[in-house]
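*Asks:* Below you'll find entry.tsv; it's TSV, C-alpha atoms.
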chain	number	residue	atom	x	y	z
U	1	MET	CA	12.89	-97.96	-124.47
U	2	GLN	CA	11.83	-101.49	-123.49
U	3	SER	CA	10.94	-102.60	-119.94
U	4	ALA	CA	11.46	-99.05	-118.67
U	5	PRO	CA	11.38	-98.50	-114.89
U	6	ARG	CA	8.05	-97.76	-113.27
U	7	VAL	CA	8.43	-94.21	-111.93
U	8	ALA	CA	6.48	-92.41	-109.20
U	9	PHE	CA	7.19	-88.70	-109.66
U	10	PHE	CA	6.52	-86.20	-106.83
U	11	ALA	CA	6.75	-82.62	-108.16
U	12	ASP	CA	6.74	-79.59	-105.90
U	13	SER	CA	5.70	-77.44	-108.86
U	14	PHE	CA	3.61	-78.47	-111.86
U	15	HIS	CA	0.91	-76.01	-112.91
U	16	GLU	CA	2.85	-72.88	-111.94
U	17	VAL	CA	4.87	-70.60	-114.23
U	18	ASN	CA	8.51	-71.46	-113.54
U	19	GLY	CA	11.28	-73.65	-114.90
U	20	GLY	CA	10.72	-76.48	-112.46
U	21	ALA	CA	7.03	-76.71	-113.31
U	22	LEU	CA	7.79	-76.66	-117.03
U	23	THR	CA	10.30	-79.49	-116.64
U	24	SER	CA	7.82	-81.52	-114.58
U	25	ARG	CA	5.11	-81.13	-117.23
U	26	GLN	CA	7.56	-82.08	-119.97
U	27	LEU	CA	8.63	-85.25	-118.10
U	28	ASP	CA	4.96	-86.17	-117.74
U	29	ALA	CA	4.46	-85.53	-121.48
U	30	PHE	CA	7.53	-87.63	-122.35
U	31	ALA	CA	6.13	-90.60	-120.40
U	32	ARG	CA	2.83	-90.19	-122.24
U	33	ARG	CA	4.50	-90.09	-125.66
U	34	ARG	CA	6.52	-93.21	-124.89
U	35	ASN	CA	3.63	-94.98	-123.12
U	36	LEU	CA	5.78	-95.47	-120.01
U	37	PRO	CA	4.35	-96.50	-116.60
U	38	PHE	CA	4.31	-93.22	-114.66
U	39	LEU	CA	2.63	-92.04	-111.45
U	40	SER	CA	2.55	-88.23	-111.40
U	41	VAL	CA	1.87	-86.68	-107.98
U	42	HIS	CA	1.57	-82.91	-107.55
U	43	SER	CA	-0.71	-80.24	-106.12
U	44	GLY	CA	-3.98	-79.22	-107.72
U	45	PRO	CA	-7.19	-77.28	-107.04
U	46	GLU	CA	-8.80	-80.42	-105.61
U	47	THR	CA	-7.74	-83.92	-104.63
U	48	THR	CA	-8.31	-86.24	-107.58
U	49	THR	CA	-6.94	-89.41	-109.16
U	50	LYS	CA	-7.23	-90.39	-112.81
U	51	THR	CA	-5.58	-92.89	-115.11
U	52	GLU	CA	-5.03	-92.32	-118.83
U	53	GLY	CA	-3.21	-95.13	-120.59
U	54	SER	CA	0.08	-95.74	-118.77
U	55	ILE	CA	-0.17	-92.53	-116.73
U	56	THR	CA	-1.80	-92.22	-113.31
U	57	THR	CA	-2.15	-88.64	-112.08
U	58	MET	CA	-2.79	-87.77	-108.44
U	59	GLU	CA	-3.44	-84.13	-107.55
U	60	LEU	CA	-3.44	-83.23	-103.86
U	61	GLU	CA	-5.16	-80.11	-102.64
U	62	ARG	CA	-3.02	-78.07	-100.26
U	63	GLY	CA	-4.82	-76.94	-97.10
U	64	PRO	CA	-5.58	-73.47	-95.66
U	65	ALA	CA	-2.53	-73.61	-93.39
U	66	SER	CA	-0.18	-73.69	-96.42
U	67	LEU	CA	2.67	-71.20	-96.42
U	68	THR	CA	3.28	-69.05	-99.51
U	69	ILE	CA	6.81	-69.63	-100.82
U	70	ASP	CA	6.56	-67.80	-104.13
U	71	ASP	CA	3.96	-66.58	-106.61
U	72	GLY	CA	1.54	-69.50	-106.94
U	73	LEU	CA	3.79	-71.87	-104.97
U	74	LYS	CA	2.99	-73.04	-101.43
U	75	PHE	CA	4.20	-75.44	-98.75
U	76	ASP	CA	1.60	-77.43	-96.82
U	77	PRO	CA	3.06	-78.56	-93.44
U	78	PHE	CA	0.11	-80.91	-92.99
U	79	LEU	CA	0.43	-82.77	-96.29
U	80	TRP	CA	1.00	-85.86	-94.13
U	81	ARG	CA	-2.78	-86.25	-93.98
U	82	TYR	CA	-2.53	-87.91	-97.39
U	83	MET	CA	-0.01	-90.51	-96.24
U	84	ARG	CA	-2.44	-93.42	-95.98
U	85	ARG	CA	-3.90	-92.59	-99.39
U	86	MET	CA	-0.42	-92.35	-100.91
U	87	VAL	CA	0.80	-95.62	-99.38
U	88	LYS	CA	-2.16	-97.37	-100.98
U	89	ALA	CA	-1.59	-95.67	-104.33
U	90	VAL	CA	2.14	-96.41	-104.37
U	91	ARG	CA	1.57	-100.06	-103.46
U	92	GLN	CA	-0.98	-100.35	-106.23
U	93	PHE	CA	1.32	-98.70	-108.79
U	94	ARG	CA	4.41	-100.71	-107.71
U	95	PRO	CA	7.12	-98.20	-108.71
U	96	ASP	CA	10.71	-99.27	-109.27
U	97	VAL	CA	11.91	-95.77	-108.28
U	98	ILE	CA	10.50	-92.64	-106.69
U	99	HIS	CA	11.65	-89.31	-108.11
U	100	VAL	CA	11.29	-86.09	-106.08
U	101	THR	CA	12.13	-82.56	-107.18
U	102	GLY	CA	13.42	-81.17	-103.91
U	103	PRO	CA	12.73	-80.58	-100.21
U	104	SER	CA	9.17	-79.35	-100.73
U	105	ASP	CA	6.04	-80.72	-99.09
U	106	MET	CA	5.58	-83.07	-102.06
U	107	GLY	CA	9.25	-83.97	-102.05
U	108	ILE	CA	9.29	-84.78	-98.34
U	109	LEU	CA	6.16	-86.91	-98.77
U	110	GLY	CA	7.73	-88.80	-101.68
U	111	ALA	CA	11.07	-89.27	-99.90
U	112	SER	CA	9.32	-90.57	-96.78
U	113	LEU	CA	7.40	-93.11	-98.84
U	114	ALA	CA	10.63	-94.22	-100.54
U	115	PHE	CA	12.38	-94.66	-97.20
U	116	HIS	CA	9.62	-96.51	-95.38
U	117	MET	CA	8.60	-98.67	-98.35
U	118	ASP	CA	12.21	-99.41	-99.32
U	119	ILE	CA	11.95	-97.96	-102.84
U	120	PRO	CA	15.05	-96.46	-104.52
U	121	LEU	CA	14.96	-92.64	-104.47
U	122	VAL	CA	16.07	-90.20	-107.17
U	123	ALA	CA	16.17	-86.48	-106.35
U	124	SER	CA	16.57	-83.68	-108.88
U	125	TRP	CA	17.82	-80.17	-108.11
U	126	HIS	CA	15.79	-77.36	-109.69
U	127	THR	CA	16.16	-74.27	-107.52
U	128	ASN	CA	19.02	-72.68	-105.59
U	129	LEU	CA	16.95	-72.25	-102.44
U	130	HIS	CA	19.99	-71.10	-100.45
U	131	GLU	CA	20.62	-68.19	-102.81
U	132	PHE	CA	16.94	-67.26	-102.94
U	133	ALA	CA	16.82	-67.14	-99.13
U	134	ALA	CA	19.90	-64.93	-98.96
U	135	ARG	CA	18.72	-62.44	-101.61
U	136	ARG	CA	15.28	-62.08	-100.07
U	137	LEU	CA	16.70	-61.62	-96.58
U	138	GLU	CA	18.98	-58.87	-97.85
U	139	LYS	CA	15.96	-57.04	-99.20
U	140	LEU	CA	14.05	-57.43	-95.92
U	141	LEU	CA	17.02	-56.03	-93.99
U	142	TYR	CA	17.25	-52.89	-96.13
U	143	PHE	CA	17.32	-50.71	-92.97
U	144	MET	CA	20.59	-52.25	-91.77
U	145	PRO	CA	24.13	-51.21	-92.78
U	146	ALA	CA	25.35	-52.99	-95.90
U	147	ASN	CA	28.05	-54.98	-94.11
U	148	TYR	CA	25.56	-56.38	-91.57
U	149	ARG	CA	23.16	-57.30	-94.37
U	150	ALA	CA	25.96	-59.12	-96.17
U	151	ILE	CA	26.93	-61.07	-93.05
U	152	ALA	CA	23.32	-62.09	-92.34
U	153	ALA	CA	22.74	-63.08	-95.97
U	154	GLY	CA	25.96	-65.09	-96.14
U	155	LEU	CA	25.15	-66.99	-92.95
U	156	THR	CA	21.61	-67.69	-94.18
U	157	GLU	CA	22.91	-68.95	-97.53
U	158	ARG	CA	25.40	-71.35	-95.91
U	159	ARG	CA	22.96	-72.73	-93.36
U	160	THR	CA	20.20	-73.15	-95.94
U	161	LEU	CA	22.56	-74.98	-98.28
U	162	ASP	CA	23.61	-77.29	-95.44
U	163	GLY	CA	19.98	-78.17	-94.79
U	164	VAL	CA	19.07	-78.70	-98.43
U	165	ALA	CA	22.17	-80.86	-99.04
U	166	SER	CA	21.18	-83.03	-96.08
U	167	PHE	CA	17.86	-83.77	-97.78
U	168	TYR	CA	19.59	-84.82	-101.01
U	169	LYS	CA	21.78	-87.29	-99.11
U	170	PHE	CA	18.73	-89.52	-98.68
U	171	ALA	CA	18.59	-90.20	-102.43
U	172	SER	CA	20.55	-92.96	-104.17
U	173	VAL	CA	21.04	-90.94	-107.38
U	174	LEU	CA	20.87	-87.20	-107.98
U	175	LEU	CA	20.08	-85.08	-111.04
U	176	ALA	CA	21.37	-81.53	-111.55
U	177	PRO	CA	20.87	-79.00	-114.37
U	178	ASN	CA	24.45	-77.76	-114.80
U	179	PRO	CA	28.07	-78.90	-114.25
U	180	ASP	CA	28.69	-76.56	-111.29
U	181	LEU	CA	25.78	-78.05	-109.35
U	182	ILE	CA	26.91	-81.57	-110.26
U	183	ASP	CA	30.29	-80.86	-108.66
U	184	MET	CA	28.70	-79.29	-105.58
U	185	LEU	CA	26.28	-82.15	-105.00
U	186	ARG	CA	28.93	-84.82	-105.50
U	187	ALA	CA	31.16	-83.12	-102.95
U	188	ARG	CA	28.39	-82.67	-100.38
U	189	THR	CA	26.56	-85.99	-100.74
U	190	ASP	CA	29.11	-88.46	-102.16
U	191	LYS	CA	26.32	-89.77	-104.41
U	192	PRO	CA	26.29	-90.29	-108.20
U	193	VAL	CA	25.01	-87.15	-109.93
U	194	PHE	CA	23.74	-87.02	-113.53
U	195	LEU	CA	23.20	-84.02	-115.77
U	196	MET	CA	19.52	-83.20	-116.30
U	197	GLN	CA	19.34	-80.28	-118.67
U	198	ARG	CA	16.24	-78.83	-120.30
U	199	GLY	CA	14.81	-78.95	-123.79
U	200	VAL	CA	12.92	-76.32	-125.76
U	201	ASP	CA	9.95	-76.39	-128.12
U	202	THR	CA	11.48	-75.00	-131.32
U	203	GLU	CA	8.13	-75.06	-133.13
U	204	LEU	CA	6.44	-72.85	-130.56
U	205	TYR	CA	9.45	-70.59	-130.03
U	206	ASN	CA	10.33	-69.55	-133.56
U	207	PRO	CA	11.69	-66.37	-135.22
U	208	ASN	CA	8.95	-66.65	-137.87
U	209	LYS	CA	6.54	-65.23	-135.28
U	210	ARG	CA	8.22	-61.84	-135.42
U	211	PHE	CA	5.92	-59.10	-136.72
U	212	ARG	CA	7.30	-55.87	-135.24
U	213	GLN	CA	8.61	-53.36	-137.78
U	214	ASP	CA	8.86	-50.11	-135.83
U	215	GLY	CA	12.68	-50.10	-135.73
U	216	ALA	CA	13.04	-49.70	-131.94
U	217	PHE	CA	15.80	-51.95	-130.54
U	218	THR	CA	13.97	-54.06	-127.96
U	219	LEU	CA	15.76	-55.51	-124.95
U	220	GLY	CA	13.68	-58.30	-123.45
U	221	TYR	CA	13.41	-59.98	-120.07
U	222	VAL	CA	11.18	-62.94	-119.20
U	223	GLY	CA	10.91	-64.34	-115.69
U	224	ARG	CA	9.80	-63.65	-112.16
U	225	LEU	CA	10.30	-60.07	-111.03
U	226	ARG	CA	11.88	-60.97	-107.70
U	227	PRO	CA	15.01	-59.87	-105.79
U	228	GLU	CA	16.88	-63.11	-106.51
U	229	LYS	CA	16.58	-62.39	-110.25
U	230	ASN	CA	18.63	-59.19	-109.85
U	231	VAL	CA	16.11	-57.32	-112.02
U	232	ARG	CA	16.91	-53.91	-110.54
U	233	PHE	CA	20.13	-54.07	-112.52
U	234	LEU	CA	18.02	-53.43	-115.63
U	235	ALA	CA	17.58	-49.82	-114.50
U	236	GLU	CA	21.35	-49.42	-114.18
U	237	LEU	CA	21.79	-50.98	-117.61
U	238	GLU	CA	19.35	-48.49	-119.13
U	239	GLN	CA	21.38	-45.58	-117.81
U	240	HIS	CA	24.40	-46.73	-119.83
U	241	LEU	CA	22.68	-47.47	-123.13
U	242	PRO	CA	23.57	-45.23	-126.08
U	243	ASP	CA	21.06	-42.56	-127.02
U	244	GLY	CA	18.71	-43.84	-129.65
U	245	ASN	CA	15.51	-45.71	-130.35
U	246	HIS	CA	15.34	-48.53	-127.81
U	247	ARG	CA	13.02	-49.90	-125.13
U	248	PHE	CA	12.58	-52.78	-122.66
U	249	LEU	CA	9.94	-55.47	-122.96
U	250	ILE	CA	9.34	-57.07	-119.55
U	251	VAL	CA	7.34	-60.31	-119.29
U	252	GLY	CA	6.55	-61.63	-115.81
U	253	GLU	CA	5.18	-60.63	-112.44
U	254	GLY	CA	6.57	-60.24	-108.94
U	255	SER	CA	7.29	-57.93	-106.05
U	256	GLU	CA	9.85	-55.87	-108.04
U	257	ARG	CA	7.44	-54.82	-110.78
U	258	GLU	CA	6.40	-51.59	-109.08
U	259	TRP	CA	10.03	-50.55	-108.53
U	260	LEU	CA	10.90	-51.29	-112.15
U	261	GLN	CA	7.92	-49.31	-113.41
U	262	ARG	CA	9.17	-46.31	-111.46
U	263	ASN	CA	12.80	-46.63	-112.49
U	264	LEU	CA	12.80	-47.79	-116.12
U	265	ARG	CA	12.17	-44.88	-118.47
U	266	ARG	CA	11.29	-46.85	-121.61
U	267	ALA	CA	9.63	-50.12	-120.73
U	268	GLU	CA	6.53	-52.09	-121.58
U	269	PHE	CA	5.25	-54.52	-118.93
U	270	ARG	CA	3.21	-57.40	-120.33
U	271	GLY	CA	2.65	-59.45	-117.17
U	272	VAL	CA	2.62	-63.24	-117.38
U	273	LEU	CA	2.27	-64.60	-120.92
U	274	ARG	CA	1.85	-68.18	-122.09
U	275	GLY	CA	1.76	-70.12	-125.33
U	276	GLU	CA	1.55	-68.18	-128.57
U	277	GLU	CA	1.51	-64.79	-126.82
U	278	LEU	CA	4.78	-65.61	-125.06
U	279	ALA	CA	6.32	-66.97	-128.27
U	280	ALA	CA	5.41	-63.77	-130.12
U	281	ALA	CA	6.89	-61.64	-127.33
U	282	TYR	CA	10.21	-63.47	-127.60
U	283	ALA	CA	10.29	-63.27	-131.39
U	284	ASN	CA	9.78	-59.50	-131.27
U	285	MET	CA	12.79	-58.93	-129.00
U	286	ASP	CA	16.18	-57.98	-130.41
U	287	LEU	CA	18.32	-58.93	-127.42
U	288	PHE	CA	17.52	-60.95	-124.32
U	289	VAL	CA	19.06	-59.57	-121.11
U	290	PHE	CA	19.09	-61.82	-118.07
U	291	PRO	CA	21.01	-60.43	-115.06
U	292	SER	CA	20.13	-63.27	-112.65
U	293	THR	CA	22.98	-64.89	-110.73
U	294	THR	CA	20.85	-67.58	-109.02
U	295	ASP	CA	19.27	-69.57	-111.86
U	296	THR	CA	20.22	-73.24	-111.99
U	297	PHE	CA	19.50	-73.53	-115.71
U	298	GLY	CA	17.54	-70.81	-117.48
U	299	ASN	CA	14.69	-72.20	-119.59
U	300	VAL	CA	13.94	-68.66	-120.71
U	301	ILE	CA	17.42	-68.42	-122.25
U	302	GLN	CA	16.74	-71.40	-124.49
U	303	GLU	CA	13.30	-70.06	-125.39
U	304	ALA	CA	14.87	-66.75	-126.42
U	305	LEU	CA	17.60	-68.48	-128.46
U	306	ALA	CA	15.01	-70.66	-130.21
U	307	SER	CA	13.17	-67.45	-131.13
U	308	GLY	CA	16.29	-66.16	-132.85
U	309	VAL	CA	17.18	-63.78	-130.04
U	310	CYS	CA	20.77	-63.66	-128.78
U	311	ALA	CA	21.30	-63.23	-125.05
U	312	VAL	CA	23.53	-61.50	-122.52
U	313	VAL	CA	23.80	-63.35	-119.20
U	314	THR	CA	26.02	-63.41	-116.11
U	315	ASN	CA	28.78	-65.94	-115.48
U	316	GLU	CA	27.03	-67.23	-112.34
U	317	GLY	CA	24.59	-70.12	-112.42
U	318	GLY	CA	23.22	-72.20	-115.26
U	319	PRO	CA	22.66	-69.58	-118.03
U	320	LYS	CA	26.41	-69.30	-118.70
U	321	PHE	CA	26.34	-72.88	-120.02
U	322	LEU	CA	23.62	-72.01	-122.55
U	323	VAL	CA	25.24	-69.01	-124.22
U	324	ASP	CA	28.30	-69.38	-126.44
U	325	SER	CA	29.98	-66.06	-125.71
U	326	GLY	CA	30.75	-64.20	-128.92
U	327	VAL	CA	28.57	-66.57	-130.96
U	328	THR	CA	25.03	-66.65	-129.53
U	329	GLY	CA	25.44	-63.73	-127.14
U	330	HIS	CA	27.71	-62.67	-124.31
U	331	VAL	CA	28.57	-64.14	-120.89
U	332	ALA	CA	29.50	-61.25	-118.61
U	333	ILE	CA	32.12	-61.53	-115.85
U	334	ASN	CA	30.74	-58.54	-113.92
U	335	ASP	CA	28.21	-55.70	-114.15
U	336	ARG	CA	30.46	-53.47	-116.26
U	337	ASP	CA	31.11	-56.31	-118.67
U	338	PHE	CA	27.37	-57.02	-118.87
U	339	ILE	CA	26.70	-53.41	-119.89
U	340	ARG	CA	29.62	-53.47	-122.33
U	341	GLY	CA	28.33	-56.67	-123.91
U	342	VAL	CA	24.85	-55.21	-124.45
U	343	VAL	CA	26.16	-51.95	-125.92
U	344	ASP	CA	28.57	-53.81	-128.20
U	345	ILE	CA	25.80	-55.97	-129.69
U	346	MET	CA	23.45	-53.00	-130.08
U	347	SER	CA	26.17	-51.00	-131.86
U	348	ASP	CA	27.15	-53.69	-134.39
U	349	PRO	CA	24.21	-54.67	-136.67
U	350	GLU	CA	26.23	-57.30	-138.54
U	351	LYS	CA	27.37	-59.03	-135.32
U	352	HIS	CA	23.79	-58.86	-134.06
U	353	ARG	CA	22.50	-60.52	-137.24
U	354	ARG	CA	25.08	-63.33	-137.01
U	355	MET	CA	24.28	-63.94	-133.36
U	356	ARG	CA	20.55	-64.15	-134.01
U	357	THR	CA	21.11	-66.81	-136.67
U	358	ALA	CA	23.53	-68.76	-134.46
U	359	ALA	CA	21.11	-68.58	-131.52
U	360	ARG	CA	18.36	-70.32	-133.46
U	361	LEU	CA	20.71	-73.02	-134.74
U	362	ALA	CA	22.03	-73.72	-131.23
U	363	ALA	CA	18.55	-74.01	-129.72
U	364	CYS	CA	17.49	-76.51	-132.38
U	365	GLU	CA	20.01	-78.95	-130.87
U	366	ALA	CA	18.10	-79.05	-127.58
U	367	SER	CA	15.48	-81.78	-127.37
U	368	TRP	CA	13.24	-82.74	-124.44
U	369	ASP	CA	13.32	-86.36	-125.57
U	370	ARG	CA	17.13	-86.45	-125.37
U	371	VAL	CA	16.98	-84.93	-121.89
U	372	PHE	CA	14.56	-87.50	-120.52
U	373	GLU	CA	16.20	-90.47	-122.20
U	374	LYS	CA	19.24	-89.58	-120.06
U	375	VAL	CA	17.00	-89.23	-116.99
U	376	TYR	CA	15.69	-92.74	-117.53
U	377	SER	CA	19.29	-93.93	-117.75
U	378	ALA	CA	19.78	-92.39	-114.29
U	379	TYR	CA	16.74	-94.33	-113.06
U	380	GLU	CA	18.37	-97.52	-114.33
U	381	THR	CA	21.55	-96.64	-112.42
U	382	CYS	CA	19.51	-96.05	-109.27
U	383	LEU	CA	18.21	-99.61	-109.49
U	384	THR	CA	21.77	-100.97	-109.42
U	385	VAL	CA	22.74	-99.21	-106.17
U	386	PRO	CA	23.07	-101.82	-103.38
U	387	GLU	CA	20.42	-101.60	-100.65
U	388	SER	CA	23.12	-101.08	-98.02
U	389	LEU	CA	24.19	-97.87	-99.77
U	390	ARG	CA	20.72	-96.57	-100.59
U	391	LYS	CA	20.03	-95.62	-96.96
U	392	ALA	CA	23.56	-94.50	-96.22
U	393	GLY	CA	22.52	-90.88	-96.43
How does this structure look as structure tokens?

*Replies:*
Amino acid sequence: MQSAPRVAFFADSFHEVNGGALTSRQLDAFARRRNLPFLSVHSGPETTTKTEGSITTMELERGPASLTIDDGLKFDPFLWRYMRRMVKAVRQFRPDVIHVTGPSDMGILGASLAFHMDIPLVASWHTNLHEFAARRLEKLLYFMPANYRAIAAGLTERRTLDGVASFYKFASVLLAPNPDLIDMLRARTDKPVFLMQRGVDTELYNPNKRFRQDGAFTLGYVGRLRPEKNVRFLAELEQHLPDGNHRFLIVGEGSEREWLQRNLRRAEFRGVLRGEELAAAYANMDLFVFPSTTDTFGNVIQEALASGVCAVVTNEGGPKFLVDSGVTGHVAINDRDFIRGVVDIMSDPEKHRRMRTAARLAACEASWDRVFEKVYSAYETCLTVPESLRKAG
């Protein structure tokens, strides 16, 4: 990749445990491997700047007035205090494009710099904030009748989506993790939208790390234990499983953990795992069950598949594009079909064996380098957008 664009990347999540943070770290790593000029701006424990080869990293410490958005993720309404420092840093780096990951404090800072310094802006979509807001509001309004909760949640989802879409209109080019979101963003912004999928480390996540031999059929879940992940459905799933030797292996933390511990009869909770511990947990699962309807992609799905674990997912959101139904798992059209898909795989050892093999083969086709080569093509496209159209949002 010769004469690649100089990219200033503002990530709302980098060190945290979530798909957006993983993707941000992998983009940073890709730029390092290719020796590409890259300014990486994200939050950190203290405000620092360092340069290593072609990479300049700026970590900005969020202040005490920051609002907690999720586990380990905050929004600092006073991040503007770094504006003068950032103007100087951006001028010194001389980026061809600025890339932001959404309407976070970092994203707003990056978008403002792009607008005022007349630098082309790329924005990537990582989280369905509108669906998260709706699911969490529904939980908070538990004391209200179901129909009123549904009305309030629906209104919140629509209004939040309107606001988030307005932010993305400021960008010249957009990136989205699945075809459904590409269509939505094109319709709402009238901007070019490119597919930005995710890769997977097939050396780290590998079926060779399986060591369990106790015979219990293990259904695994990895991710945040939050309302928007629909994790309470796991208790309903357990009630319909055939009698026999099975258990759940739950990896992750969140506000729903306590409820799950009370309502799942056979479950082991491992908390947050990373690296080799996480890879071993995946490899020792027999089936990955992911009932979320709000995920934009589903990095954990690819990590499970790479570990030789087939998956059952819903037909809402990004995970449905990662599972080849009937080959590497099952894509369920509703709750009953989800349960049916799990029971069917558990009851057919030969089908289960074939799916595990196919899952590994499918995951080996996913490469982070391929993903980011396409992202850099999107940067190139951004540079060709006429100035009159760049600020049309």

*Asks:* Which residues of stretch 90-198 of chain U come within 9 Å of stretch 309-320 of chain U, and for each one, what is the closest pair of atoms and their distance in Å to one decimal, counting only C-alpha atoms, sorted by chain and residue number, as a Markdown table?

*Replies:*
| residue | atom | partner | partner_atom | distance |
| --- | --- | --- | --- | --- |
| U:Pro177 | CA | U:Gly318 | CA | 7.2 |
| U:Asn178 | CA | U:Gly318 | CA | 5.7 |
| U:Pro179 | CA | U:Gly318 | CA | 8.3 |
| U:Asp180 | CA | U:Gly317 | CA | 7.7 |
| U:Leu181 | CA | U:Gly317 | CA | 8.6 |

*Asks:* Could you tell me how far atom CA of U:Arg224 lies from atom CA of U:Arg356, in Å and to one decimal?

*Replies:*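 That distance, rounded to one decimal, is 24.4 Å.
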
*Asks:* Could you tell me how far atom CA of U:His246 lies from atom CA of U:Val323, in Å and to one decimal?

*Replies:*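 We find that atom CA of U:His246 and atom CA of U:Val323 lie 23.0 Å from each other.
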
*Asks:* With all atoms listed in the file as the counted atoms, please give the residues lying no more than 12 Å from U:Lys74, apart from itself and same-chain residues fewer than 3 positions off, as an mmCIF file with C-alpha atoms, in the coordinates of the input.

*Replies:*
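Now in selection27.cif:
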data_model
loop_
_atom_site.group_PDB
_atom_site.id
_atom_site.type_symbol
_atom_site.label_atom_id
_atom_site.label_comp_id
_atom_site.auth_asym_id
_atom_site.auth_seq_id
_atom_site.Cartn_x
_atom_site.Cartn_y
_atom_site.Cartn_z
ATOM 1 C CA ASP U 12 6.740 -79.590 -105.900
ATOM 2 C CA SER U 13 5.700 -77.440 -108.860
ATOM 3 C CA PHE U 14 3.610 -78.470 -111.860
ATOM 4 C CA GLU U 16 2.850 -72.880 -111.940
ATOM 5 C CA HIS U 42 1.570 -82.910 -107.550
ATOM 6 C CA SER U 43 -0.710 -80.240 -106.120
ATOM 7 C CA GLY U 44 -3.980 -79.220 -107.720
ATOM 8 C CA GLU U 61 -5.160 -80.110 -102.640
ATOM 9 C CA ARG U 62 -3.020 -78.070 -100.260
ATOM 10 C CA GLY U 63 -4.820 -76.940 -97.100
ATOM 11 C CA PRO U 64 -5.580 -73.470 -95.660
ATOM 12 C CA ALA U 65 -2.530 -73.610 -93.390
ATOM 13 C CA SER U 66 -0.180 -73.690 -96.420
ATOM 14 C CA LEU U 67 2.670 -71.200 -96.420
ATOM 15 C CA THR U 68 3.280 -69.050 -99.510
ATOM 16 C CA ILE U 69 6.810 -69.630 -100.820
ATOM 17 C CA ASP U 70 6.560 -67.800 -104.130
ATOM 18 C CA ASP U 71 3.960 -66.580 -106.610
ATOM 19 C CA PRO U 77 3.060 -78.560 -93.440
ATOM 20 C CA PHE U 78 0.110 -80.910 -92.990
ATOM 21 C CA LEU U 79 0.430 -82.770 -96.290
ATOM 22 C CA SER U 104 9.170 -79.350 -100.730
ATOM 23 C CA ASP U 105 6.040 -80.720 -99.090
ATOM 24 C CA MET U 106 5.580 -83.070 -102.060
#

*Asks:* What is the atom CA of U:Arg353-atom CA of U:Gly329 distance in Å, reported with one decimal?

*Replies:*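 So the answer is 11.0 Å.
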
*Asks:* For U:Ile98, find every residue with an atom within 8 Å (counting only C-alpha atoms), except residues of its own chain fewer than 3 positions away, and show them as a PyMOL selection string.

*Replies:* chain U and resi 7-10+95+110-111+114+119-122

*Asks:* Write the selection just made, keeping C-alpha atoms, as a tab-separated table (two decimals), keeping the file's coordinate frame?

*Replies:*
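Generated output (part-v4.tsv):
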chain	number	residue	atom	x	y	z
U	7	VAL	CA	8.43	-94.21	-111.93
U	8	ALA	CA	6.48	-92.41	-109.20
U	9	PHE	CA	7.19	-88.70	-109.66
U	10	PHE	CA	6.52	-86.20	-106.83
U	95	PRO	CA	7.12	-98.20	-108.71
U	110	GLY	CA	7.73	-88.80	-101.68
U	111	ALA	CA	11.07	-89.27	-99.90
U	114	ALA	CA	10.63	-94.22	-100.54
U	119	ILE	CA	11.95	-97.96	-102.84
U	120	PRO	CA	15.05	-96.46	-104.52
U	121	LEU	CA	14.96	-92.64	-104.47
U	122	VAL	CA	16.07	-90.20	-107.17

*Asks:* Neighbouring residues of stretch 287-289 of chain U were defined as those with any atom within 10 Å, considering only C-alpha atoms; residues of the same chain fewer than 4 positions away were excluded. Please report them as a VMD selection string.

*Replies:* chain U and resid 217 to 222 231 234 237 248 to 249 282 to 283 300 to 301 304 to 305 308 to 314 329 to 330 338 to 339 342 345 to 346 352 355 to 356

*Asks:* Counting only C-alpha atoms, which of U:Arg336, U:Arg360, U:Arg32, U:Arg257 gets nearest to U:Leu241?

*Replies:*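 Going through U:Arg336, U:Arg360, U:Arg32, U:Arg257 one by one, the smallest distance to U:Leu241 is for U:Arg336.
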